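Chemist: One structure, as structure tokens, below. Some questions next.
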Amino acid sequence: MQTMITLFKNIKELIQVRTEPISFISGKEMKILPTIKNAYLVVENGIISEFGSMDVCPNIEVDQLIDATGKMILPSWCDSHTHIVYAGNREGEFVDRINGLSYEEIANRGGGILNSAKKLQETSEDELYEQSKVRLEEIMQLGTGAVEIKSGYGLNLDAELKMLRVIKRLKENYPISIKATFLGAHAVPSKYKDDKQGYLQMLVEDIMPVIAKGKLAEYVDIFCETGYFSVADTEFILKAGKQFGLIPKIHVNQFNSIGGVEVGVKYDALSVDHLEVMTELDMEVLKNSRTMPVALPSCSYFLSIPYTPARKMMEAGLPLALATDYNPGSTPSGNMNFVVATACIKMKMTPEEAINAATINGAYAMGLEKEVGSITVGKKANLLLTKPINSYGFIPYSFGTSQIEDVYLKGKRIDFV
């Protein structure tokens, strides 16, 4: 096979440089973002092969030379929590909320997740793929190089499997790293409204075996929240998921703290996501675990609910990842640049903390920390080349404008125009 070599030279600052293997960053360490000023970076066949200061830039034959004078390079964003495979949209509910209805009130009127499920059940697999690929291309152009996508808008056997097959197709057709999560326990469908246990049994007995056989997902998730699924339901789903080789993740503490974080840690969940409401006990439970807390600031922004108490959590020594929660109901945006900015502006995270949370910690939250999330020899060359900027703090500072000039996935510049 012919070797394809790309050299980026005169990089104003090469950001998130890690020479030692690291799974994730916690507590005070999150303030530290290692960089090299006036740097070079060599990519061979889509993999980072070498980097360092321009003083020692190698004199080699290359296929592509990119002069990054005045520009910075950082690893592409790692978005570990999305629902981008969905049908239609829910802008009507957006107006309902402006007019004073809460997220819960809309759900009680047959809106919310059940509204999306109805649309998705009526949408063909090909049409669902066409709608979803538009959103996938959009987030790639915004700088996302790794993404987790959940099912959960199907709420019956056929529609949930349809969603997972669409995720698989996206994975086969695009260079972005994609992980799939089975979130059948997203809400109780109308058909089972008086038989929640029956619905959970169906997920475990009818759908999980098909997922395991077809390798349609790596993770299992559940919405552990008052009015949705209890701690006992969560334990039931996580336990069953593990038997089918599905690693646990949980939507938890969005509106109430009901003990879901504890169950997540008990079952060694890879991540616990949302965490807008956090108690001292929740934080204590997460200490010394391998479970990554994930904050979704643009969901808080869109629903006008509290933000995850990032400062408190990091001061307690915890790690934190940032993700978009891209979905039609509570966060119709997959813009990780906005997420990073909102974390700085509303959650008082420093740019260093936010970039760590959106790269290496986000990679860990979807089991990809050995492949992406940092500038490390041997990792995929999933890179962001910025416009000419003064410092990386300008990325969150200019919250309404993307400072990304080009996105490279596996060393190739992406272009859908």
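Please note that chains go A, B, ... in the order of the structure tokens, that every chain numbers its residues from 1, and that ligands are numbered from 1 in the order shown.
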Just list as a PDB file with N, CA and C atoms, in the first residue's frame whatever in range 75-153 of chain A DSSP marks as alpha helix (DSSP H).
Modeler:
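result.pdb was written with the following content:
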ATOM      1  N   GLU A  91     -40.678  21.734  16.404  1.00  0.00           N
ATOM      2  CA  GLU A  91     -40.661  23.174  16.673  1.00  0.00           C
ATOM      3  C   GLU A  91     -41.967  23.674  17.264  1.00  0.00           C
ATOM      4  N   GLY A  92     -43.068  22.910  17.085  1.00  0.00           N
ATOM      5  CA  GLY A  92     -44.341  23.292  17.707  1.00  0.00           C
ATOM      6  C   GLY A  92     -44.231  23.317  19.224  1.00  0.00           C
ATOM      7  N   GLU A  93     -43.507  22.341  19.767  1.00  0.00           N
ATOM      8  CA  GLU A  93     -43.307  22.277  21.226  1.00  0.00           C
ATOM      9  C   GLU A  93     -42.398  23.414  21.711  1.00  0.00           C
ATOM     10  N   PHE A  94     -41.501  23.839  20.839  1.00  0.00           N
ATOM     11  CA  PHE A  94     -40.619  24.976  21.150  1.00  0.00           C
ATOM     12  C   PHE A  94     -41.493  26.206  21.445  1.00  0.00           C
ATOM     13  N   VAL A  95     -42.511  26.392  20.615  1.00  0.00           N
ATOM     14  CA  VAL A  95     -43.422  27.527  20.807  1.00  0.00           C
ATOM     15  C   VAL A  95     -44.273  27.308  22.060  1.00  0.00           C
ATOM     16  N   ASP A  96     -44.704  26.050  22.290  1.00  0.00           N
ATOM     17  CA  ASP A  96     -45.480  25.755  23.517  1.00  0.00           C
ATOM     18  C   ASP A  96     -44.689  26.151  24.762  1.00  0.00           C
ATOM     19  N   ARG A  97     -43.384  25.868  24.737  1.00  0.00           N
ATOM     20  CA  ARG A  97     -42.562  26.198  25.908  1.00  0.00           C
ATOM     21  C   ARG A  97     -42.439  27.705  26.089  1.00  0.00           C
ATOM     22  N   ILE A  98     -42.308  28.414  24.963  1.00  0.00           N
ATOM     23  CA  ILE A  98     -42.242  29.879  25.030  1.00  0.00           C
ATOM     24  C   ILE A  98     -43.536  30.407  25.664  1.00  0.00           C
ATOM     25  N   TYR A 103     -41.444  21.153  30.014  1.00  0.00           N
ATOM     26  CA  TYR A 103     -41.074  19.929  29.289  1.00  0.00           C
ATOM     27  C   TYR A 103     -41.983  18.779  29.716  1.00  0.00           C
ATOM     28  N   GLU A 104     -42.208  18.667  31.047  1.00  0.00           N
ATOM     29  CA  GLU A 104     -43.055  17.581  31.588  1.00  0.00           C
ATOM     30  C   GLU A 104     -44.512  17.738  31.153  1.00  0.00           C
ATOM     31  N   GLU A 105     -45.015  18.981  31.141  1.00  0.00           N
ATOM     32  CA  GLU A 105     -46.418  19.208  30.729  1.00  0.00           C
ATOM     33  C   GLU A 105     -46.625  18.839  29.266  1.00  0.00           C
ATOM     34  N   ILE A 106     -45.633  19.172  28.442  1.00  0.00           N
ATOM     35  CA  ILE A 106     -45.717  18.833  27.015  1.00  0.00           C
ATOM     36  C   ILE A 106     -45.745  17.310  26.845  1.00  0.00           C
ATOM     37  N   ALA A 107     -44.895  16.624  27.612  1.00  0.00           N
ATOM     38  CA  ALA A 107     -44.849  15.154  27.557  1.00  0.00           C
ATOM     39  C   ALA A 107     -46.188  14.558  27.977  1.00  0.00           C
ATOM     40  N   ASN A 108     -46.798  15.125  29.022  1.00  0.00           N
ATOM     41  CA  ASN A 108     -48.087  14.611  29.515  1.00  0.00           C
ATOM     42  C   ASN A 108     -49.217  14.806  28.502  1.00  0.00           C
ATOM     43  N   GLY A 112     -43.391  15.521  23.334  1.00  0.00           N
ATOM     44  CA  GLY A 112     -42.113  14.987  23.780  1.00  0.00           C
ATOM     45  C   GLY A 112     -41.687  13.753  23.013  1.00  0.00           C
ATOM     46  N   ILE A 113     -41.097  12.829  23.751  1.00  0.00           N
ATOM     47  CA  ILE A 113     -40.511  11.624  23.155  1.00  0.00           C
ATOM     48  C   ILE A 113     -41.568  10.821  22.385  1.00  0.00           C
ATOM     49  N   LEU A 114     -42.800  10.752  22.923  1.00  0.00           N
ATOM     50  CA  LEU A 114     -43.849   9.964  22.258  1.00  0.00           C
ATOM     51  C   LEU A 114     -44.215  10.569  20.901  1.00  0.00           C
ATOM     52  N   ASN A 115     -44.147  11.879  20.810  1.00  0.00           N
ATOM     53  CA  ASN A 115     -44.405  12.582  19.551  1.00  0.00           C
ATOM     54  C   ASN A 115     -43.351  12.173  18.511  1.00  0.00           C
ATOM     55  N   SER A 116     -42.081  12.171  18.918  1.00  0.00           N
ATOM     56  CA  SER A 116     -40.996  11.764  18.008  1.00  0.00           C
ATOM     57  C   SER A 116     -41.129  10.297  17.618  1.00  0.00           C
ATOM     58  N   ALA A 117     -41.558   9.459  18.573  1.00  0.00           N
ATOM     59  CA  ALA A 117     -41.695   8.016  18.303  1.00  0.00           C
ATOM     60  C   ALA A 117     -42.759   7.772  17.230  1.00  0.00           C
ATOM     61  N   LYS A 118     -43.859   8.505  17.325  1.00  0.00           N
ATOM     62  CA  LYS A 118     -44.951   8.342  16.342  1.00  0.00           C
ATOM     63  C   LYS A 118     -44.435   8.689  14.941  1.00  0.00           C
ATOM     64  N   LYS A 119     -43.715   9.807  14.844  1.00  0.00           N
ATOM     65  CA  LYS A 119     -43.178  10.223  13.531  1.00  0.00           C
ATOM     66  C   LYS A 119     -42.189   9.188  13.002  1.00  0.00           C
ATOM     67  N   LEU A 120     -41.344   8.692  13.896  1.00  0.00           N
ATOM     68  CA  LEU A 120     -40.302   7.767  13.448  1.00  0.00           C
ATOM     69  C   LEU A 120     -40.905   6.440  12.990  1.00  0.00           C
ATOM     70  N   GLN A 121     -41.915   5.974  13.709  1.00  0.00           N
ATOM     71  CA  GLN A 121     -42.553   4.702  13.328  1.00  0.00           C
ATOM     72  C   GLN A 121     -43.161   4.790  11.929  1.00  0.00           C
ATOM     73  N   GLU A 125     -37.152   3.401   6.543  1.00  0.00           N
ATOM     74  CA  GLU A 125     -35.741   3.323   6.940  1.00  0.00           C
ATOM     75  C   GLU A 125     -34.857   4.195   6.045  1.00  0.00           C
ATOM     76  N   ASP A 126     -35.128   4.185   4.735  1.00  0.00           N
ATOM     77  CA  ASP A 126     -34.326   4.988   3.815  1.00  0.00           C
ATOM     78  C   ASP A 126     -34.517   6.479   4.073  1.00  0.00           C
ATOM     79  N   GLU A 127     -35.743   6.882   4.310  1.00  0.00           N
ATOM     80  CA  GLU A 127     -36.024   8.297   4.579  1.00  0.00           C
ATOM     81  C   GLU A 127     -35.366   8.722   5.894  1.00  0.00           C
ATOM     82  N   LEU A 128     -35.417   7.832   6.890  1.00  0.00           N
ATOM     83  CA  LEU A 128     -34.787   8.118   8.188  1.00  0.00           C
ATOM     84  C   LEU A 128     -33.276   8.293   8.010  1.00  0.00           C
ATOM     85  N   TYR A 129     -32.684   7.450   7.185  1.00  0.00           N
ATOM     86  CA  TYR A 129     -31.247   7.553   6.891  1.00  0.00           C
ATOM     87  C   TYR A 129     -30.944   8.898   6.221  1.00  0.00           C
ATOM     88  N   GLU A 130     -31.757   9.264   5.220  1.00  0.00           N
ATOM     89  CA  GLU A 130     -31.536  10.519   4.490  1.00  0.00           C
ATOM     90  C   GLU A 130     -31.612  11.729   5.421  1.00  0.00           C
ATOM     91  N   GLN A 131     -32.608  11.724   6.326  1.00  0.00           N
ATOM     92  CA  GLN A 131     -32.745  12.842   7.270  1.00  0.00           C
ATOM     93  C   GLN A 131     -31.561  12.889   8.243  1.00  0.00           C
ATOM     94  N   SER A 132     -31.139  11.708   8.697  1.00  0.00           N
ATOM     95  CA  SER A 132     -30.086  11.640   9.716  1.00  0.00           C
ATOM     96  C   SER A 132     -28.717  11.984   9.158  1.00  0.00           C
ATOM     97  N   LYS A 133     -28.467  11.617   7.911  1.00  0.00           N
ATOM     98  CA  LYS A 133     -27.133  11.876   7.350  1.00  0.00           C
ATOM     99  C   LYS A 133     -26.889  13.380   7.179  1.00  0.00           C
ATOM    100  N   VAL A 134     -27.958  14.144   6.964  1.00  0.00           N
ATOM    101  CA  VAL A 134     -27.828  15.607   6.869  1.00  0.00           C
ATOM    102  C   VAL A 134     -27.285  16.157   8.195  1.00  0.00           C
ATOM    103  N   ARG A 135     -27.829  15.637   9.305  1.00  0.00           N
ATOM    104  CA  ARG A 135     -27.379  16.092  10.633  1.00  0.00           C
ATOM    105  C   ARG A 135     -25.958  15.622  10.921  1.00  0.00           C
ATOM    106  N   LEU A 136     -25.632  14.404  10.479  1.00  0.00           N
ATOM    107  CA  LEU A 136     -24.278  13.888  10.700  1.00  0.00           C
ATOM    108  C   LEU A 136     -23.257  14.742   9.946  1.00  0.00           C
ATOM    109  N   GLU A 137     -23.551  15.054   8.694  1.00  0.00           N
ATOM    110  CA  GLU A 137     -22.630  15.894   7.909  1.00  0.00           C
ATOM    111  C   GLU A 137     -22.490  17.282   8.542  1.00  0.00           C
ATOM    112  N   GLU A 138     -23.591  17.784   9.071  1.00  0.00           N
ATOM    113  CA  GLU A 138     -23.580  19.098   9.727  1.00  0.00           C
ATOM    114  C   GLU A 138     -22.629  19.105  10.930  1.00  0.00           C
ATOM    115  N   ILE A 139     -22.696  18.085  11.779  1.00  0.00           N
ATOM    116  CA  ILE A 139     -21.835  18.092  12.971  1.00  0.00           C
ATOM    117  C   ILE A 139     -20.373  17.861  12.603  1.00  0.00           C
ATOM    118  N   MET A 140     -20.140  17.083  11.535  1.00  0.00           N
ATOM    119  CA  MET A 140     -18.763  16.883  11.089  1.00  0.00           C
ATOM    120  C   MET A 140     -18.158  18.215  10.637  1.00  0.00           C
ATOM    121  N   GLN A 141     -18.939  19.014   9.906  1.00  0.00           N
ATOM    122  CA  GLN A 141     -18.442  20.315   9.449  1.00  0.00           C
ATOM    123  C   GLN A 141     -18.212  21.275  10.606  1.00  0.00           C
TER     124      GLN A 141
END
Chemist: Find the residues near range 13-16 of chain A: any atom within 6 Å, counting only C-alpha atoms, skip ones fewer than 6 places away on the same chain, and give them as a short mmCIF file (atom, residue, chain, number, x, y, z; two decimals) with C-alpha atoms, in the first residue's frame.
Modeler:
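Result went into result.cif, see below:
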data_model
loop_
_atom_site.label_atom_id
_atom_site.label_comp_id
_atom_site.auth_asym_id
_atom_site.auth_seq_id
_atom_site.Cartn_x
_atom_site.Cartn_y
_atom_site.Cartn_z
CA LEU A 33 -3.94 21.59 28.62
CA PRO A 34 -0.53 20.62 27.19
CA THR A 35 0.41 22.43 23.97
CA ILE A 36 3.42 23.07 21.72
CA LYS A 37 3.86 26.54 20.22
CA ASN A 38 5.27 26.93 16.70
CA MET A 72 -3.94 26.31 15.67
CA ILE A 73 -4.60 22.57 15.56
CA LEU A 74 -6.50 20.58 18.15
CA SER A 374 -5.72 13.95 21.83
CA ILE A 375 -2.69 14.68 19.67
#
Chemist: Range 291-298 of chain A: which residues within 7 Å, counting only C-alpha atoms, same-chain residues fewer than 4 positions away excluded, as a VMD selection string?
Modeler: chain A and resid 265 268 to 275 286 302 307 to 308 319 to 325 331 339 342 to 343 365
Chemist: Mind writing the picked residues with N, CA and C atoms as a tab-separated table (two decimals), in the first residue's frame?
Modeler:
chain	number	residue	atom	x	y	z
A	265	VAL	N	-22.86	3.58	38.93
A	265	VAL	CA	-21.53	3.20	39.42
A	265	VAL	C	-21.51	1.72	39.81
A	268	ASP	N	-20.94	-0.27	36.90
A	268	ASP	CA	-19.75	0.15	36.17
A	268	ASP	C	-20.13	0.83	34.85
A	269	ALA	N	-21.14	1.71	34.90
A	269	ALA	CA	-21.56	2.45	33.70
A	269	ALA	C	-20.38	3.24	33.16
A	270	LEU	N	-20.26	3.28	31.85
A	270	LEU	CA	-19.19	4.05	31.22
A	270	LEU	C	-19.42	5.54	31.47
A	271	SER	N	-20.70	5.96	31.43
A	271	SER	CA	-20.98	7.37	31.70
A	271	SER	C	-22.35	7.55	32.33
A	272	VAL	N	-22.49	8.64	33.08
A	272	VAL	CA	-23.80	9.08	33.60
A	272	VAL	C	-23.98	10.50	33.06
A	273	ASP	N	-25.09	10.73	32.35
A	273	ASP	CA	-25.24	11.94	31.54
A	273	ASP	C	-26.42	12.81	31.97
A	274	HIS	N	-26.25	14.08	31.87
A	274	HIS	CA	-27.17	15.17	32.24
A	274	HIS	C	-26.65	15.81	33.52
A	275	LEU	N	-27.02	15.26	34.69
A	275	LEU	CA	-26.46	15.72	35.98
A	275	LEU	C	-26.69	17.20	36.26
A	286	LEU	N	-19.41	8.97	42.81
A	286	LEU	CA	-18.63	8.97	41.56
A	286	LEU	C	-17.12	8.97	41.79
A	302	PHE	N	-31.34	25.43	26.25
A	302	PHE	CA	-32.56	25.38	25.45
A	302	PHE	C	-33.82	25.24	26.32
A	307	TYR	N	-27.72	24.40	35.06
A	307	TYR	CA	-26.55	23.78	34.42
A	307	TYR	C	-25.89	22.82	35.39
A	308	THR	N	-25.27	21.78	34.86
A	308	THR	CA	-24.48	20.85	35.68
A	308	THR	C	-23.45	21.65	36.50
A	319	PRO	N	-13.82	13.95	37.16
A	319	PRO	CA	-13.65	14.33	35.75
A	319	PRO	C	-14.99	14.86	35.23
A	320	LEU	N	-14.99	15.43	34.03
A	320	LEU	CA	-16.24	15.85	33.40
A	320	LEU	C	-16.04	15.82	31.89
A	321	ALA	N	-17.06	15.33	31.19
A	321	ALA	CA	-17.07	15.40	29.72
A	321	ALA	C	-18.20	16.32	29.31
A	322	LEU	N	-18.09	16.87	28.11
A	322	LEU	CA	-19.14	17.73	27.55
A	322	LEU	C	-19.66	17.09	26.27
A	323	ALA	N	-20.98	17.13	26.08
A	323	ALA	CA	-21.60	16.60	24.86
A	323	ALA	C	-22.79	17.47	24.49
A	324	THR	N	-23.34	17.24	23.29
A	324	THR	CA	-24.40	18.14	22.81
A	324	THR	C	-25.81	17.71	23.20
A	325	ASP	N	-26.08	16.40	23.28
A	325	ASP	CA	-27.45	15.90	23.47
A	325	ASP	C	-28.32	16.21	22.25
A	331	THR	N	-32.68	19.69	22.64
A	331	THR	CA	-31.43	20.29	22.16
A	331	THR	C	-31.29	20.10	20.65
A	339	VAL	N	-21.26	24.31	22.67
A	339	VAL	CA	-21.21	23.58	23.95
A	339	VAL	C	-19.98	24.02	24.76
A	342	THR	N	-20.56	27.58	25.95
A	342	THR	CA	-21.58	27.66	27.01
A	342	THR	C	-21.03	27.11	28.33
A	343	ALA	N	-20.19	26.09	28.23
A	343	ALA	CA	-19.55	25.55	29.45
A	343	ALA	C	-18.69	26.63	30.11
A	365	ALA	N	-15.77	8.74	27.29
A	365	ALA	CA	-17.20	8.49	27.55
A	365	ALA	C	-17.87	7.67	26.47
Chemist: Determine, for each residue of range 246-363 of chain A having at least one atom at most 10 Å from an atom of range 167-182 of chain A, the closest pair of atoms and their separation in Å to one decimal, counting only C-alpha atoms; order by chain and ascending number, as a tab-separated table.
Modeler:
residue	atom	partner	partner_atom	distance
A:Leu246	CA	A:Phe182	CA	8.5
A:Ile247	CA	A:Thr181	CA	8.9
A:Pro248	CA	A:Thr181	CA	9.1
A:Lys249	CA	A:Thr181	CA	8.5
Chemist: For the structure I just gave you, how does DSSP split range 16-261 of chain A - specifically, which residues are strand (DSSP E)? Reply as a PyMOL selection string.
Modeler: chain A and resi 35-44+47-53+64-67+72-75+77-82+144-150+177-185+219-224+247-252
Chemist: Could you save the residues just selected, with C-alpha atoms, as a PDB file, in the first residue's frame?
Modeler:
ATOM      1  CA  THR A  35       0.409  22.434  23.970  1.00  0.00           C
ATOM      2  CA  ILE A  36       3.419  23.068  21.716  1.00  0.00           C
ATOM      3  CA  LYS A  37       3.860  26.535  20.219  1.00  0.00           C
ATOM      4  CA  ASN A  38       5.271  26.927  16.705  1.00  0.00           C
ATOM      5  CA  ALA A  39       4.822  23.247  15.944  1.00  0.00           C
ATOM      6  CA  TYR A  40       4.690  20.699  13.150  1.00  0.00           C
ATOM      7  CA  LEU A  41       2.549  17.566  12.812  1.00  0.00           C
ATOM      8  CA  VAL A  42       3.033  14.587  10.487  1.00  0.00           C
ATOM      9  CA  VAL A  43       0.137  12.352   9.443  1.00  0.00           C
ATOM     10  CA  GLU A  44       0.750   9.003   7.718  1.00  0.00           C
ATOM     11  CA  ILE A  47      -2.702   8.324  11.652  1.00  0.00           C
ATOM     12  CA  ILE A  48      -0.652  10.827  13.677  1.00  0.00           C
ATOM     13  CA  SER A  49       2.968   9.674  13.262  1.00  0.00           C
ATOM     14  CA  GLU A  50       5.068  12.527  14.617  1.00  0.00           C
ATOM     15  CA  PHE A  51       4.901  16.055  16.024  1.00  0.00           C
ATOM     16  CA  GLY A  52       7.075  18.572  17.815  1.00  0.00           C
ATOM     17  CA  SER A  53       8.560  22.050  17.711  1.00  0.00           C
ATOM     18  CA  GLN A  64       0.655  17.239   1.067  1.00  0.00           C
ATOM     19  CA  LEU A  65       2.146  20.247   2.820  1.00  0.00           C
ATOM     20  CA  ILE A  66      -0.151  22.533   4.819  1.00  0.00           C
ATOM     21  CA  ASP A  67       1.187  25.830   6.113  1.00  0.00           C
ATOM     22  CA  MET A  72      -3.942  26.307  15.674  1.00  0.00           C
ATOM     23  CA  ILE A  73      -4.603  22.574  15.562  1.00  0.00           C
ATOM     24  CA  LEU A  74      -6.497  20.585  18.152  1.00  0.00           C
ATOM     25  CA  PRO A  75      -8.151  17.166  18.162  1.00  0.00           C
ATOM     26  CA  TRP A  77     -14.544  17.269  19.211  1.00  0.00           C
ATOM     27  CA  CYS A  78     -15.750  14.019  20.767  1.00  0.00           C
ATOM     28  CA  ASP A  79     -19.536  14.182  21.263  1.00  0.00           C
ATOM     29  CA  SER A  80     -20.496  11.273  23.506  1.00  0.00           C
ATOM     30  CA  HIS A  81     -24.264  11.886  23.767  1.00  0.00           C
ATOM     31  CA  THR A  82     -26.583  12.449  20.784  1.00  0.00           C
ATOM     32  CA  THR A 144     -17.059  16.679  15.565  1.00  0.00           C
ATOM     33  CA  GLY A 145     -14.823  13.711  14.761  1.00  0.00           C
ATOM     34  CA  ALA A 146     -16.366  11.070  17.045  1.00  0.00           C
ATOM     35  CA  VAL A 147     -20.018  10.709  18.034  1.00  0.00           C
ATOM     36  CA  GLU A 148     -22.291   8.416  20.000  1.00  0.00           C
ATOM     37  CA  ILE A 149     -25.828   8.000  18.602  1.00  0.00           C
ATOM     38  CA  LYS A 150     -28.744   6.546  20.573  1.00  0.00           C
ATOM     39  CA  SER A 177     -16.030   7.432  14.510  1.00  0.00           C
ATOM     40  CA  ILE A 178     -19.555   6.359  15.534  1.00  0.00           C
ATOM     41  CA  LYS A 179     -20.757   4.387  18.578  1.00  0.00           C
ATOM     42  CA  ALA A 180     -24.328   3.062  18.882  1.00  0.00           C
ATOM     43  CA  THR A 181     -26.430   2.941  22.058  1.00  0.00           C
ATOM     44  CA  PHE A 182     -29.699   1.081  22.616  1.00  0.00           C
ATOM     45  CA  LEU A 183     -32.060   3.422  24.492  1.00  0.00           C
ATOM     46  CA  GLY A 184     -35.350   1.519  24.229  1.00  0.00           C
ATOM     47  CA  ALA A 185     -36.108   2.652  27.795  1.00  0.00           C
ATOM     48  CA  TYR A 219     -24.092   0.428  24.889  1.00  0.00           C
ATOM     49  CA  VAL A 220     -27.423   0.267  26.695  1.00  0.00           C
ATOM     50  CA  ASP A 221     -29.051   3.370  28.178  1.00  0.00           C
ATOM     51  CA  ILE A 222     -32.186   4.303  30.154  1.00  0.00           C
ATOM     52  CA  PHE A 223     -33.874   7.560  31.174  1.00  0.00           C
ATOM     53  CA  CYS A 224     -33.750   7.253  34.972  1.00  0.00           C
ATOM     54  CA  ILE A 247     -22.053  -1.608  28.394  1.00  0.00           C
ATOM     55  CA  PRO A 248     -24.257   0.642  30.595  1.00  0.00           C
ATOM     56  CA  LYS A 249     -24.797   4.390  30.230  1.00  0.00           C
ATOM     57  CA  ILE A 250     -27.588   6.387  31.936  1.00  0.00           C
ATOM     58  CA  HIS A 251     -29.619   9.564  31.411  1.00  0.00           C
ATOM     59  CA  VAL A 252     -29.794  10.625  35.045  1.00  0.00           C
TER      60      VAL A 252
END
